[in-house]
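Written out below as structure tokens is the structure these notes cover.
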There are 2 protein chains.
Amino acid sequence: MNNCTIVLFGATGDLAKRKIIPAMYRLVLDKQLDKFNIIGAALDDTSIENVLGPAKEFIKEFDKKAWQKFVDNAYYQQLNFTKEADFKKLNTLIADLEKQKKIAGNRLFYCAAASEFFCAITEHLASSGLARRLDKKDTTWNRIVYEKPFGHDLASAHEINECIAKHFNEEQIYRIDHYLSKELVANIALMRFTNIVFEPLWNNRFIDNVQIELNEDFGIGERGAYYDKYGALKDVVQNHMLELVALIAMETPKLLTGDYIRDKRTDVLKHVRITDVLLGQYDGYKKEKYVDPASNTDTFVAAQVFVDTPRWIGVPFYLKTGKRLKAKETLINIKFKKVDCLLLKDCPTDSNYLTFKIAPEAVFELEINAKKHGVPNQVMQIKMEFCHSCIVGVRSPQAYETLIEEVMKGEQSISVRFDEIEYAWKAIDAAQKVASPVYPYKPGGSGPTELKDFEQKHGMRWKT
Amino acid sequence: MNNCTIVLFGATGDLAKRKIIPAMYRLVLDKQLDKFNIIGAALDDTSIENVLGPAKEFIKEFDKKAWQKFVDNAYYQQLNFTKEADFKKLNTLIADLEKQKKIAGNRLFYCAAASEFFCAITEHLASSGLARRLDKKDTTWNRIVYEKPFGHDLASAHEINECIAKHFNEEQIYRIDHYLSKELVANIALMRFTNIVFEPLWNNRFIDNVQIELNEDFGIGERGAYYDKYGALKDVVQNHMLELVALIAMETPKLLTGDYIRDKRTDVLKHVRITDVLLGQYDGYKKEKYVDPASNTDTFVAAQVFVDTPRWIGVPFYLKTGKRLKAKETLINIKFKKVDCLLLKDCPTDSNYLTFKIAPEAVFELEINAKKHGVPNQVMQIKMEFCHSCIVGVRSPQAYETLIEEVMKGEQSISVRFDEIEYAWKAIDAAQKVASPVYPYKPGGSGPTELKDFEQKHGMRWKT
């Protein structure tokens with residue numbers, strides 16, 4: 001794994017700059033890449049210096065020597081996803097570099113592009129000889145990573161998948177959701193299934209509702225051209241948020257590995273039913289770069305979701321995500337039912353909560369009642385917490401770094417299987433039929449004022 | 001309640017100096033006592049200054065003004081528990097003081113004496129007119145507090161109780177165990193029954209064993225005369241430790257008040273069965289002041305206890321207490337069963353634990369598995385904690401202060417009902433039949449070396 005070529009399609013994009021390039025640099029720093037080529041490819045007429053430079057500000061631990069090694073092995077090639085000739089040129093470049101550096105031929109293709117290009121890229125990878133369908137005799141590997149979202153609805157996802165499957169085996173295909181590589185997200189399944197104290201509580205007898213929030217304080221930045229076609233429901237709910245629902249709601253797998261987990265996640269997604277959707281758009285969105293001035297795209301979603309499995313009958317999952325809200329935070333709040341009050345007076349006014357904070361800090365919290373100091377028979381709410389990211393001297397690898405590492409290792413549990421994507425798109429396609437109009441909201445707040453009505457209608461209250 | 005006379009029998013004793021006098025001073029500081037008399041009574045020919053002075057070093061927040069007010073209203077009277085005349089004299093003194101200070105006549109008698117004197121004291125309280133059996137028309141109250149242990153076995157406890165009941169109503173009688181007044185002990189019941197997350201786990205399906213430890217690093221001090229007659233089993237296990245077992249093991253009461261709780265505690269004590277007892281005595285004990293040089297008294301106990309109720313069938317409770325051990329700490333560790341391991345390798349090596357630390361710090365901890373940072377599919381043990389005593393600006397009242405306050409209020413849940421005492425003595429009487437010889441142990445360690453055999457025999461391991 002220390003010996004490979006990584007091609008990054010969409011190297012001049014926002015995601016490349018902010019996440020993928022820093023993650024690749026980090027792999028060099030951590031000596032996960034030894035002999036390697038990093039090749040940026042995109043439509044722009046630019047240079048590798050201009051591609052890598054802007055990523056520097058997103059790097060946390062800058063090391064001059066590692067950076068130099070990274071730059072020395074990085075290249076840029078202008079490339080049009082629809083032109084086979086460009087791919088052939090790329091193949092020649094890589095073949096030369098591999099020969100020159102004596103790199104065996106492992107190749108990782110990272111498609112950080114809109115999904116409408118996935119099919120074209122894949123076809124050209126095959127036809128140009130850059131990558132080939134592997135069989136068991138192969139000693140080197142070719143793997144292709146597809147960024148989320150995979151398609152923009154059920155029909156387009158099917159189309160893309162059929163196109164890809166024509167050229168490559170499922171073992172070579174990584175439909176990724178970087179959320180599944182986040183430390184605390186990966187921790188959810190480990191925590192649920194390696195501790196005896198959670199399972200007895202993890203059902204509709206004890207859980208009142210589950211709240212998943214993925215709030216951002218920033219806008220769409222330079223991503224207008226992509227974002228305006230998708231919106232929050234397809235950009236975030238279809239993948240990250242439904243995968244979080246699946247991790248929370250899934251049944252116990254036989255083992256905590258690849259397909260066992262994916263089977264159980266799929267079972268949940270198959271039974272997901274989105275029953276109410278409130279949409280919003282922040283004031284000023286229509287004036288963002290590359291956005292249609294008459295755009296009706298959603299930048300905010302609140303949704304009520306049910307998982308129709310015996311464990312979860314009657315337990316609503318509430319999802320909320322939006323851009324330009326007051327704070328950036330991702331968290332899961334599990335609200336437990338109230339207990340019969342055994343006190344004569346001063347009964348607890350709130351439920352127990354179990355909280356997984358994913359961002360900005362990775363924190364695990366349990367909120368329960370305890371005795372109020374020095375006062376007989378009165379309770380107060382206390383928080384027991386474990387701060388994952390507060391452990392001194394332990395560096396949490398960034399999601400994208402873990403992701404590339406796992407692809408290099410050939411570990412598929414971080415990849416979303418097509419049936420998962422299929423069920424998620426089915427749910428989203430249906431959700432659009434129950435969606436509200438797109439209400440405006442002021443940046444820096446909690447979303448549209450209609451969110452209050454949503455709370456009232458469902459008799460719920462967002463904890464955060 | 002701000003207006004009463006407190007008589008402290010045994011005012012020159014160790015407990016009075018270290019705990020009761022500081023608690024009474026604290027009540028003055030906290031303005032819980034306004035117009036009052038504190039009267040120390042004991043056999044010694046001494047003065048109130050000599051009684052109060054030595055207690056000063058055990059006071060945490062010393063306030064000169066409050067101390068002066070305390071001293072100004074404190075008196076000493078030499079008194080022989082067996083001489084009625086002394087009680088009559090005391091009655092005259094109190095009547096004068098009450099008249100002079102216009103104190104209505106509420107009287108609290110605190111028997112900080114060995115239980116062999118309880119009957120004599122009680123009889124003389126009645127015959128001298130110091131206290132009387134109350135009826136509903138009474139507007140003032142007389143209450144009598146009996147320190148633990150109440151008797152030295154089942155027979156003596158019965159005898160004392162019959163003697164007391166001849167003279168006073170149950171509502172006037174407080175057989176106290178100051179452990180029930182400790183913040184975190186009182187918290188155990190509140191936590192269990194005001195949070196939904198505990199009850200589903202609280203049974204033999206999920207709990208492997210319960211460990212209760214009450215370890216002391218000091219010896220018997222000046223208490224040799226008393227201690228040598230009792231030993232650890234009767235001094236600590238019969239009351240504090242069995243009450244902790246009762247609080248952990250009891251069923252849900254209808255309400256968290258007086259007799260509802262006492263009924264449920266009693267149900268547990270009725271079903272307690274002590275199946276193994278390891279006794280120890282620290283080297284040097286026989287040379288302690290007032291101790292028989294050939295003493296065979298236990299200063300260390302480890303015991304296996306079962307609670308024969310449907311909830312607890314098969315779950316051992318392990319108790320451990322001793323003097324001159326390496327550290328002073330009181331805690332309850334609830335060890336959960338192991339969960340089936342769903343990992344391919346690196347399965348968790350330890351169980352989940354729920355811990356109530358009572359002393360020196362009041363801390364509530366949950367130990368569970370979580371993902372190891374940056375490593376896929378490996379877990380590590382983490383601790384979630386809430387430190388009760390770490391909350392800044394909140395003072396935890398001392399157990400004895402709460403206790404006297406509750407008696408002044410007439411709250412009986414801190415008092416141990418006679419049936420509880422009865423069942424506890426029955427269990428202890430039976431335990432003596434299964435007890436080991438008294439093994440010697442070195443001060444500053446973990447007890448006799450035979451403790452290892454105890455662990456092996458029962459296939460258990462002390463967590464702490």
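Letters for chains follow the order of the structure tokens (A, B, ...), residue numbers begin at 1 for each chain, and ligand numbers begin at 1 in the order shown.
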Segment 272-460 of chain A: which residues are strand (DSSP E) by DSSP, as number ranges by chain?
A: 272-282, 300-307, 317-322, 329-336, 353-359, 363-371, 379-387, 435-441
With a cut-off of 8 Å, could you pull out the residues of chain A touching chain B and give me the nearest pair of atoms for each, distance in Å to one decimal, using only C-alpha atoms, ordered by chain and ascending number, as a tab-separated table?
```
residue	atom	partner	partner_atom	distance
A:Glu183	CA	B:His373	CA	7.1
A:Leu184	CA	B:Lys371	CA	7.9
A:Ala186	CA	B:Lys371	CA	7.6
A:Asn187	CA	B:Lys371	CA	5.2
A:Leu190	CA	B:Lys371	CA	6.2
A:Met191	CA	B:Ala370	CA	5.3
A:Phe193	CA	B:Leu342	CA	7.1
A:Thr194	CA	B:Val339	CA	6.4
A:Asn195	CA	B:Asn369	CA	6.2
A:Ile196	CA	B:Val339	CA	5.3
A:Val197	CA	B:Leu201	CA	6.8
A:Pro200	CA	B:Pro200	CA	6.4
A:Leu201	CA	B:Val197	CA	6.8
A:Phe206	CA	B:Ile196	CA	7.3
A:Pro253	CA	B:Leu342	CA	7.7
A:Lys254	CA	B:Leu342	CA	6.5
A:Leu255	CA	B:Leu342	CA	4.5
A:Leu256	CA	B:Leu342	CA	5.6
A:Thr257	CA	B:Leu343	CA	7.6
A:Phe336	CA	B:Ile196	CA	7.2
A:Lys337	CA	B:Ile196	CA	7.1
A:Lys338	CA	B:Ile196	CA	6.8
A:Val339	CA	B:Ile196	CA	5.3
A:Asp340	CA	B:Thr194	CA	7.6
A:Cys341	CA	B:Thr194	CA	6.5
A:Leu342	CA	B:Leu255	CA	4.5
A:Leu343	CA	B:Leu256	CA	5.6
A:Leu344	CA	B:Leu255	CA	7.0
A:Pro348	CA	B:Thr194	CA	7.2
A:Ser351	CA	B:Asn195	CA	7.8
A:Asn352	CA	B:Asn195	CA	6.6
A:Glu365	CA	B:Met384	CA	7.9
A:Ile368	CA	B:Asn195	CA	6.3
A:Asn369	CA	B:Met191	CA	6.2
A:Ala370	CA	B:Met191	CA	5.3
A:Lys371	CA	B:Asn187	CA	5.2
A:His373	CA	B:Ser396	CA	6.0
A:Gly374	CA	B:Pro397	CA	5.6
A:Asn377	CA	B:Leu190	CA	7.4
A:Val379	CA	B:Leu190	CA	7.5
A:Ile382	CA	B:Phe386	CA	7.4
A:Lys383	CA	B:Phe386	CA	6.7
A:Met384	CA	B:Glu385	CA	5.0
A:Glu385	CA	B:Met384	CA	5.0
A:Phe386	CA	B:Met384	CA	5.0
A:Val394	CA	B:His373	CA	7.0
A:Arg395	CA	B:His373	CA	7.4
A:Ser396	CA	B:Gly374	CA	5.8
A:Pro397	CA	B:Gly374	CA	5.7
A:Thr402	CA	B:Gly374	CA	7.8
```
Can you list, as a ChimeraX atom specification, every protein, DNA or RNA residue that comes within 8 Å of segment 11-19 of chain A when you count only C-alpha atoms, leaving out same-chain residues fewer than 4 positions away?
/A:23,40-42,44,51-52,54-55,58,112,222-223,400
List the neighbours of Phe300 of chain A out to 8 Å using only C-alpha atoms; skip same-chain residues closer than 4 positions along the sequence, and give me the result as a list in words.
Ala232, Leu233, Leu278, Leu279, Gly280, Gln281, Tyr282, Lys320, Thr321, Gly322, Lys323 and Gly447 of chain A
Atoms kept (N, CA and C atoms) for selection, written as an mmCIF file, in the first residue's frame:
```
data_model
loop_
_atom_site.group_PDB
_atom_site.id
_atom_site.type_symbol
_atom_site.label_atom_id
_atom_site.label_comp_id
_atom_site.auth_asym_id
_atom_site.auth_seq_id
_atom_site.Cartn_x
_atom_site.Cartn_y
_atom_site.Cartn_z
ATOM 1 N N ALA A 232 -29.959 20.690 -0.188
ATOM 2 C CA ALA A 232 -29.592 20.004 1.056
ATOM 3 C C ALA A 232 -30.145 18.582 1.137
ATOM 4 N N LEU A 233 -31.362 18.394 0.664
ATOM 5 C CA LEU A 233 -31.980 17.073 0.765
ATOM 6 C C LEU A 233 -31.132 16.015 0.046
ATOM 7 N N LEU A 278 -39.616 19.805 5.902
ATOM 8 C CA LEU A 278 -39.687 21.263 5.858
ATOM 9 C C LEU A 278 -38.431 21.761 5.149
ATOM 10 N N LEU A 279 -38.626 22.559 4.084
ATOM 11 C CA LEU A 279 -37.471 23.051 3.334
ATOM 12 C C LEU A 279 -37.273 24.550 3.567
ATOM 13 N N GLY A 280 -36.027 24.985 3.463
ATOM 14 C CA GLY A 280 -35.727 26.411 3.614
ATOM 15 C C GLY A 280 -34.577 26.825 2.709
ATOM 16 N N GLN A 281 -34.467 28.128 2.504
ATOM 17 C CA GLN A 281 -33.337 28.654 1.715
ATOM 18 C C GLN A 281 -32.885 29.941 2.386
ATOM 19 N N TYR A 282 -31.590 30.079 2.619
ATOM 20 C CA TYR A 282 -31.135 31.269 3.356
ATOM 21 C C TYR A 282 -31.204 32.518 2.481
ATOM 22 N N LYS A 320 -32.228 17.309 10.877
ATOM 23 C CA LYS A 320 -32.168 18.746 10.603
ATOM 24 C C LYS A 320 -30.789 19.072 10.067
ATOM 25 N N THR A 321 -30.773 19.777 8.962
ATOM 26 C CA THR A 321 -29.489 20.206 8.402
ATOM 27 C C THR A 321 -29.692 21.513 7.683
ATOM 28 N N GLY A 322 -28.677 22.333 7.660
ATOM 29 C CA GLY A 322 -28.825 23.581 6.931
ATOM 30 C C GLY A 322 -27.513 24.323 6.818
ATOM 31 N N LYS A 323 -27.461 25.199 5.843
ATOM 32 C CA LYS A 323 -26.306 26.075 5.664
ATOM 33 C C LYS A 323 -26.632 27.422 6.283
ATOM 34 N N GLY A 447 -32.913 28.557 11.226
ATOM 35 C CA GLY A 447 -33.668 28.083 10.065
ATOM 36 C C GLY A 447 -34.958 28.876 9.912
#
```
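For the residues B:Asp267, B:Asp346, B:Glu147, B:Glu159, ranking by smallest atom-to-atom distance to Asp308 of chain B using only C-alpha atoms places B:Asp267 first.
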Which residues, written as a PyMOL selection string, have at least one atom at most 6 Å from segment 168-176 of chain A, with only C-alpha atoms counted and residues fewer than 2 positions away on the same chain left out?
chain A and resi 133+143-147+165+415-416
Can you spit out the residues from that selection as a short mmCIF file (atom, residue, chain, number, x, y, z; two decimals), in the first residue's frame, using all heavy atoms?
```cif
data_model
loop_
_atom_site.label_atom_id
_atom_site.label_comp_id
_atom_site.auth_asym_id
_atom_site.auth_seq_id
_atom_site.Cartn_x
_atom_site.Cartn_y
_atom_site.Cartn_z
N ARG A 133 -10.76 -4.26 -15.57
CA ARG A 133 -11.49 -5.18 -14.70
C ARG A 133 -10.50 -6.23 -14.20
O ARG A 133 -9.80 -6.86 -15.00
CB ARG A 133 -12.61 -5.85 -15.48
CG ARG A 133 -13.55 -6.66 -14.59
CD ARG A 133 -14.53 -7.47 -15.41
NE ARG A 133 -15.55 -6.66 -16.08
CZ ARG A 133 -16.71 -6.30 -15.50
NH1 ARG A 133 -16.97 -6.66 -14.27
NH2 ARG A 133 -17.60 -5.59 -16.17
N ARG A 143 -8.52 0.70 -8.28
CA ARG A 143 -9.76 0.95 -7.51
C ARG A 143 -10.30 2.34 -7.84
O ARG A 143 -9.51 3.27 -8.02
CB ARG A 143 -9.50 0.83 -6.01
CG ARG A 143 -9.30 -0.62 -5.59
CD ARG A 143 -8.81 -0.80 -4.17
NE ARG A 143 -8.32 -2.16 -4.00
CZ ARG A 143 -7.32 -2.53 -3.18
NH1 ARG A 143 -6.69 -1.61 -2.46
NH2 ARG A 143 -6.95 -3.78 -3.10
N ILE A 144 -11.59 2.46 -7.88
CA ILE A 144 -12.18 3.73 -8.27
C ILE A 144 -13.11 4.22 -7.16
O ILE A 144 -13.96 3.48 -6.68
CB ILE A 144 -12.95 3.60 -9.59
CG1 ILE A 144 -12.01 2.99 -10.64
CG2 ILE A 144 -13.44 4.96 -10.08
CD1 ILE A 144 -12.72 2.04 -11.57
N VAL A 145 -12.88 5.45 -6.76
CA VAL A 145 -13.66 6.06 -5.67
C VAL A 145 -14.63 7.07 -6.26
O VAL A 145 -14.21 7.96 -7.02
CB VAL A 145 -12.71 6.77 -4.68
CG1 VAL A 145 -13.51 7.51 -3.62
CG2 VAL A 145 -11.75 5.77 -4.04
N TYR A 146 -15.91 6.94 -5.92
CA TYR A 146 -16.91 7.89 -6.40
C TYR A 146 -17.42 8.72 -5.23
O TYR A 146 -17.97 8.17 -4.28
CB TYR A 146 -18.08 7.15 -7.06
CG TYR A 146 -17.64 6.30 -8.24
CD1 TYR A 146 -17.31 4.96 -8.09
CD2 TYR A 146 -17.53 6.86 -9.52
CE1 TYR A 146 -16.89 4.19 -9.16
CE2 TYR A 146 -17.09 6.10 -10.60
CZ TYR A 146 -16.78 4.75 -10.42
OH TYR A 146 -16.35 4.01 -11.48
N GLU A 147 -17.26 10.02 -5.32
CA GLU A 147 -17.73 10.90 -4.25
C GLU A 147 -19.26 10.89 -4.20
O GLU A 147 -19.92 10.61 -5.19
CB GLU A 147 -17.25 12.34 -4.51
CG GLU A 147 -16.10 12.81 -3.63
CD GLU A 147 -16.45 12.86 -2.15
OE1 GLU A 147 -17.63 12.99 -1.79
OE2 GLU A 147 -15.50 12.75 -1.33
N ALA A 165 -20.72 -0.85 -13.67
CA ALA A 165 -20.64 -2.31 -13.53
C ALA A 165 -20.24 -2.99 -14.83
O ALA A 165 -19.72 -4.11 -14.82
CB ALA A 165 -21.98 -2.84 -13.03
N SER A 415 -17.29 1.75 2.12
CA SER A 415 -17.95 2.02 0.85
C SER A 415 -19.44 1.70 0.99
O SER A 415 -19.83 0.77 1.68
CB SER A 415 -17.32 1.14 -0.24
OG SER A 415 -18.17 1.04 -1.36
N VAL A 416 -20.27 2.51 0.34
CA VAL A 416 -21.70 2.31 0.43
C VAL A 416 -22.11 1.37 -0.71
O VAL A 416 -21.83 1.64 -1.87
CB VAL A 416 -22.44 3.66 0.29
CG1 VAL A 416 -23.93 3.46 0.50
CG2 VAL A 416 -21.89 4.66 1.28
#
```
For the structure I just gave you, how does DSSP split segment 114-315 of chain B - specifically, which residues are helix (DSSP H, G or I)? Reply as number ranges by chain.
B: 115-127, 154-167, 170-172, 178-181, 183-194, 199-201, 224-230, 232-249, 258-270, 285-287, 310-312
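With distances restricted to only C-alpha atoms, B:Leu29 is the closest residue to Gln68 of chain B from B:Thr5, B:Glu84, B:Lys345, B:Leu29.
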Might you pull out every residue within 12 Å of Lys270 of chain A, with only C-alpha atoms counted and same-chain residues fewer than 5 positions away left off, and present them as a compact mmCIF listing (two decimals) with all heavy atoms, in the first residue's frame?
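File out06.txt, as written:
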```txt
# COMPACT_ATOMS: atom_id res chain seq x y z
N LEU A 242 -28.98 9.79 6.25
CA LEU A 242 -29.63 8.47 6.25
C LEU A 242 -28.64 7.38 6.68
O LEU A 242 -29.04 6.39 7.30
CB LEU A 242 -30.25 8.17 4.88
CG LEU A 242 -31.53 8.98 4.56
CD1 LEU A 242 -32.11 8.55 3.21
CD2 LEU A 242 -32.60 8.85 5.65
N GLU A 243 -27.35 7.55 6.39
CA GLU A 243 -26.37 6.57 6.89
C GLU A 243 -26.28 6.63 8.41
O GLU A 243 -26.09 5.61 9.07
CB GLU A 243 -25.00 6.80 6.26
CG GLU A 243 -24.85 6.28 4.82
CD GLU A 243 -25.01 4.75 4.69
OE1 GLU A 243 -24.88 4.03 5.68
OE2 GLU A 243 -25.30 4.30 3.56
N VAL A 245 -28.80 7.47 10.37
CA VAL A 245 -30.02 6.77 10.79
C VAL A 245 -29.76 5.25 10.77
O VAL A 245 -30.08 4.53 11.72
CB VAL A 245 -31.22 7.12 9.88
CG1 VAL A 245 -32.41 6.20 10.19
CG2 VAL A 245 -31.62 8.58 10.03
N ALA A 246 -29.14 4.78 9.69
CA ALA A 246 -28.90 3.34 9.55
C ALA A 246 -27.98 2.81 10.66
O ALA A 246 -28.24 1.74 11.22
CB ALA A 246 -28.29 3.06 8.18
N ALA A 249 -30.02 2.77 13.90
CA ALA A 249 -31.21 1.91 13.93
C ALA A 249 -30.92 0.45 13.60
O ALA A 249 -31.77 -0.41 13.83
CB ALA A 249 -32.26 2.46 12.98
N MET A 250 -29.74 0.14 13.09
CA MET A 250 -29.52 -1.22 12.57
C MET A 250 -29.55 -2.29 13.66
O MET A 250 -29.28 -2.04 14.82
CB MET A 250 -28.21 -1.30 11.79
CG MET A 250 -26.95 -1.27 12.60
SD MET A 250 -25.52 -1.28 11.45
CE MET A 250 -24.17 -1.47 12.60
N ARG A 262 -22.94 -3.81 6.25
CA ARG A 262 -23.68 -3.25 5.14
C ARG A 262 -25.05 -3.89 4.97
O ARG A 262 -26.03 -3.23 4.66
CB ARG A 262 -22.84 -3.35 3.86
CG ARG A 262 -21.56 -2.51 3.99
CD ARG A 262 -21.02 -2.09 2.66
NE ARG A 262 -20.39 -3.20 1.96
CZ ARG A 262 -19.73 -3.05 0.81
NH1 ARG A 262 -19.65 -1.87 0.23
NH2 ARG A 262 -19.16 -4.08 0.23
N ASP A 263 -25.14 -5.21 5.26
CA ASP A 263 -26.44 -5.88 5.22
C ASP A 263 -27.42 -5.25 6.20
O ASP A 263 -28.58 -5.00 5.89
CB ASP A 263 -26.30 -7.37 5.57
CG ASP A 263 -25.71 -8.18 4.42
OD1 ASP A 263 -25.68 -7.66 3.28
OD2 ASP A 263 -25.26 -9.32 4.67
N LYS A 264 -26.92 -4.99 7.40
CA LYS A 264 -27.81 -4.46 8.44
C LYS A 264 -28.17 -3.00 8.17
O LYS A 264 -29.29 -2.57 8.45
CB LYS A 264 -27.16 -4.60 9.82
CG LYS A 264 -26.90 -6.05 10.23
CD LYS A 264 -28.20 -6.84 10.33
CE LYS A 264 -27.96 -8.30 10.73
NZ LYS A 264 -29.18 -9.09 10.66
N ARG A 265 -27.21 -2.24 7.63
CA ARG A 265 -27.52 -0.85 7.27
C ARG A 265 -28.59 -0.84 6.18
O ARG A 265 -29.54 -0.05 6.23
CB ARG A 265 -26.26 -0.15 6.73
CG ARG A 265 -25.24 0.24 7.79
CD ARG A 265 -24.28 1.35 7.33
NE ARG A 265 -23.70 1.17 6.03
CZ ARG A 265 -22.37 1.08 5.76
NH1 ARG A 265 -21.49 1.14 6.77
NH2 ARG A 265 -21.94 0.94 4.54
N PHE A 306 -39.52 7.69 9.86
CA PHE A 306 -39.79 6.48 10.64
C PHE A 306 -39.02 5.31 10.05
O PHE A 306 -38.81 5.25 8.84
CB PHE A 306 -41.29 6.16 10.68
CG PHE A 306 -42.04 7.06 11.62
CD1 PHE A 306 -42.64 8.22 11.15
CD2 PHE A 306 -42.10 6.76 12.97
CE1 PHE A 306 -43.31 9.06 12.03
CE2 PHE A 306 -42.77 7.60 13.85
CZ PHE A 306 -43.37 8.75 13.39
N VAL A 307 -38.58 4.42 10.91
CA VAL A 307 -37.92 3.20 10.46
C VAL A 307 -38.89 2.06 10.80
O VAL A 307 -39.09 1.74 11.98
CB VAL A 307 -36.57 3.00 11.19
CG1 VAL A 307 -35.94 1.68 10.79
CG2 VAL A 307 -35.63 4.16 10.90
N ASP A 308 -39.48 1.48 9.77
CA ASP A 308 -40.54 0.50 10.01
C ASP A 308 -40.01 -0.90 10.28
O ASP A 308 -40.29 -1.85 9.55
CB ASP A 308 -41.51 0.49 8.82
CG ASP A 308 -42.29 1.80 8.72
OD1 ASP A 308 -42.52 2.43 9.79
OD2 ASP A 308 -42.65 2.20 7.61
N THR A 309 -39.25 -1.02 11.34
CA THR A 309 -38.80 -2.34 11.80
C THR A 309 -39.36 -2.52 13.20
O THR A 309 -39.67 -1.54 13.87
CB THR A 309 -37.26 -2.43 11.85
OG1 THR A 309 -36.77 -1.46 12.77
CG2 THR A 309 -36.64 -2.18 10.48
N ASP A 419 -27.14 -1.20 -3.11
CA ASP A 419 -28.51 -1.33 -2.58
C ASP A 419 -28.81 -0.30 -1.49
O ASP A 419 -29.93 0.18 -1.36
CB ASP A 419 -28.83 -2.77 -2.15
CG ASP A 419 -27.81 -3.36 -1.20
OD1 ASP A 419 -26.81 -2.67 -0.89
OD2 ASP A 419 -27.99 -4.52 -0.77
N GLU A 420 -27.79 0.09 -0.72
CA GLU A 420 -27.99 1.15 0.27
C GLU A 420 -28.37 2.46 -0.43
O GLU A 420 -29.30 3.16 -0.04
CB GLU A 420 -26.71 1.39 1.09
CG GLU A 420 -26.33 0.25 2.00
CD GLU A 420 -25.07 0.58 2.82
OE1 GLU A 420 -25.17 1.39 3.75
OE2 GLU A 420 -23.99 0.03 2.52
N ILE A 421 -27.60 2.78 -1.46
CA ILE A 421 -27.84 4.01 -2.21
C ILE A 421 -29.22 3.97 -2.85
O ILE A 421 -29.97 4.96 -2.84
CB ILE A 421 -26.75 4.16 -3.29
CG1 ILE A 421 -25.42 4.50 -2.61
CG2 ILE A 421 -27.14 5.22 -4.33
CD1 ILE A 421 -24.27 4.73 -3.55
N GLU A 422 -29.58 2.83 -3.35
CA GLU A 422 -30.87 2.62 -4.00
C GLU A 422 -32.03 2.94 -3.04
O GLU A 422 -32.92 3.72 -3.35
CB GLU A 422 -30.92 1.15 -4.42
CG GLU A 422 -31.75 0.87 -5.62
CD GLU A 422 -31.65 -0.62 -6.00
OE1 GLU A 422 -30.85 -1.39 -5.40
OE2 GLU A 422 -32.39 -1.01 -6.91
N TYR A 423 -32.00 2.32 -1.86
CA TYR A 423 -33.07 2.55 -0.90
C TYR A 423 -33.10 3.99 -0.42
O TYR A 423 -34.16 4.56 -0.18
CB TYR A 423 -32.96 1.58 0.29
CG TYR A 423 -33.29 0.15 -0.07
CD1 TYR A 423 -32.36 -0.87 0.11
CD2 TYR A 423 -34.54 -0.18 -0.60
CE1 TYR A 423 -32.65 -2.19 -0.21
CE2 TYR A 423 -34.84 -1.50 -0.94
CZ TYR A 423 -33.91 -2.49 -0.74
OH TYR A 423 -34.22 -3.78 -1.08
N ALA A 424 -31.91 4.56 -0.27
CA ALA A 424 -31.85 5.95 0.19
C ALA A 424 -32.48 6.87 -0.86
O ALA A 424 -33.27 7.77 -0.52
CB ALA A 424 -30.41 6.35 0.47
N TRP A 425 -32.20 6.64 -2.12
CA TRP A 425 -32.81 7.48 -3.17
C TRP A 425 -34.32 7.26 -3.24
O TRP A 425 -35.08 8.19 -3.46
CB TRP A 425 -32.17 7.20 -4.54
CG TRP A 425 -30.93 8.00 -4.78
CD1 TRP A 425 -29.70 7.54 -5.14
CD2 TRP A 425 -30.81 9.44 -4.72
NE1 TRP A 425 -28.81 8.57 -5.29
CE2 TRP A 425 -29.47 9.76 -5.02
CE3 TRP A 425 -31.69 10.49 -4.40
CZ2 TRP A 425 -28.98 11.06 -5.05
CZ3 TRP A 425 -31.21 11.80 -4.41
CH2 TRP A 425 -29.88 12.07 -4.73
N LYS A 426 -34.75 6.02 -3.04
CA LYS A 426 -36.19 5.75 -3.01
C LYS A 426 -36.86 6.60 -1.95
O LYS A 426 -37.90 7.22 -2.18
CB LYS A 426 -36.46 4.27 -2.70
CG LYS A 426 -36.74 3.45 -3.94
CD LYS A 426 -37.17 2.03 -3.58
CE LYS A 426 -36.98 1.11 -4.79
NZ LYS A 426 -36.96 -0.31 -4.43
N ALA A 427 -36.25 6.63 -0.77
CA ALA A 427 -36.80 7.41 0.34
C ALA A 427 -36.81 8.90 0.00
O ALA A 427 -37.79 9.61 0.28
CB ALA A 427 -36.00 7.16 1.61
N ILE A 428 -35.75 9.37 -0.62
CA ILE A 428 -35.64 10.80 -0.94
C ILE A 428 -36.63 11.16 -2.06
O ILE A 428 -37.30 12.20 -1.99
CB ILE A 428 -34.20 11.16 -1.34
CG1 ILE A 428 -33.26 10.96 -0.15
CG2 ILE A 428 -34.11 12.59 -1.88
CD1 ILE A 428 -33.51 11.85 1.05
```
May I ask for the distance between atom CA of Ala302 of chain A and atom CA of Ser115 of chain A, given in Å to one decimal place?
24.9 Å
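For Glu61 of chain A, the set of protein, DNA and RNA residues having any atom at most 12 Å away, when counting only C-alpha atoms and skipping those fewer than 4 positions along the same chain, is A:Pro22, A:Ala23, A:Tyr25, A:Arg26, A:Leu27, A:Val28, A:Leu29, A:Asp30, A:Lys56, A:Glu57, A:Lys65, A:Ala66, A:Trp67, A:Arg395, A:Pro397.
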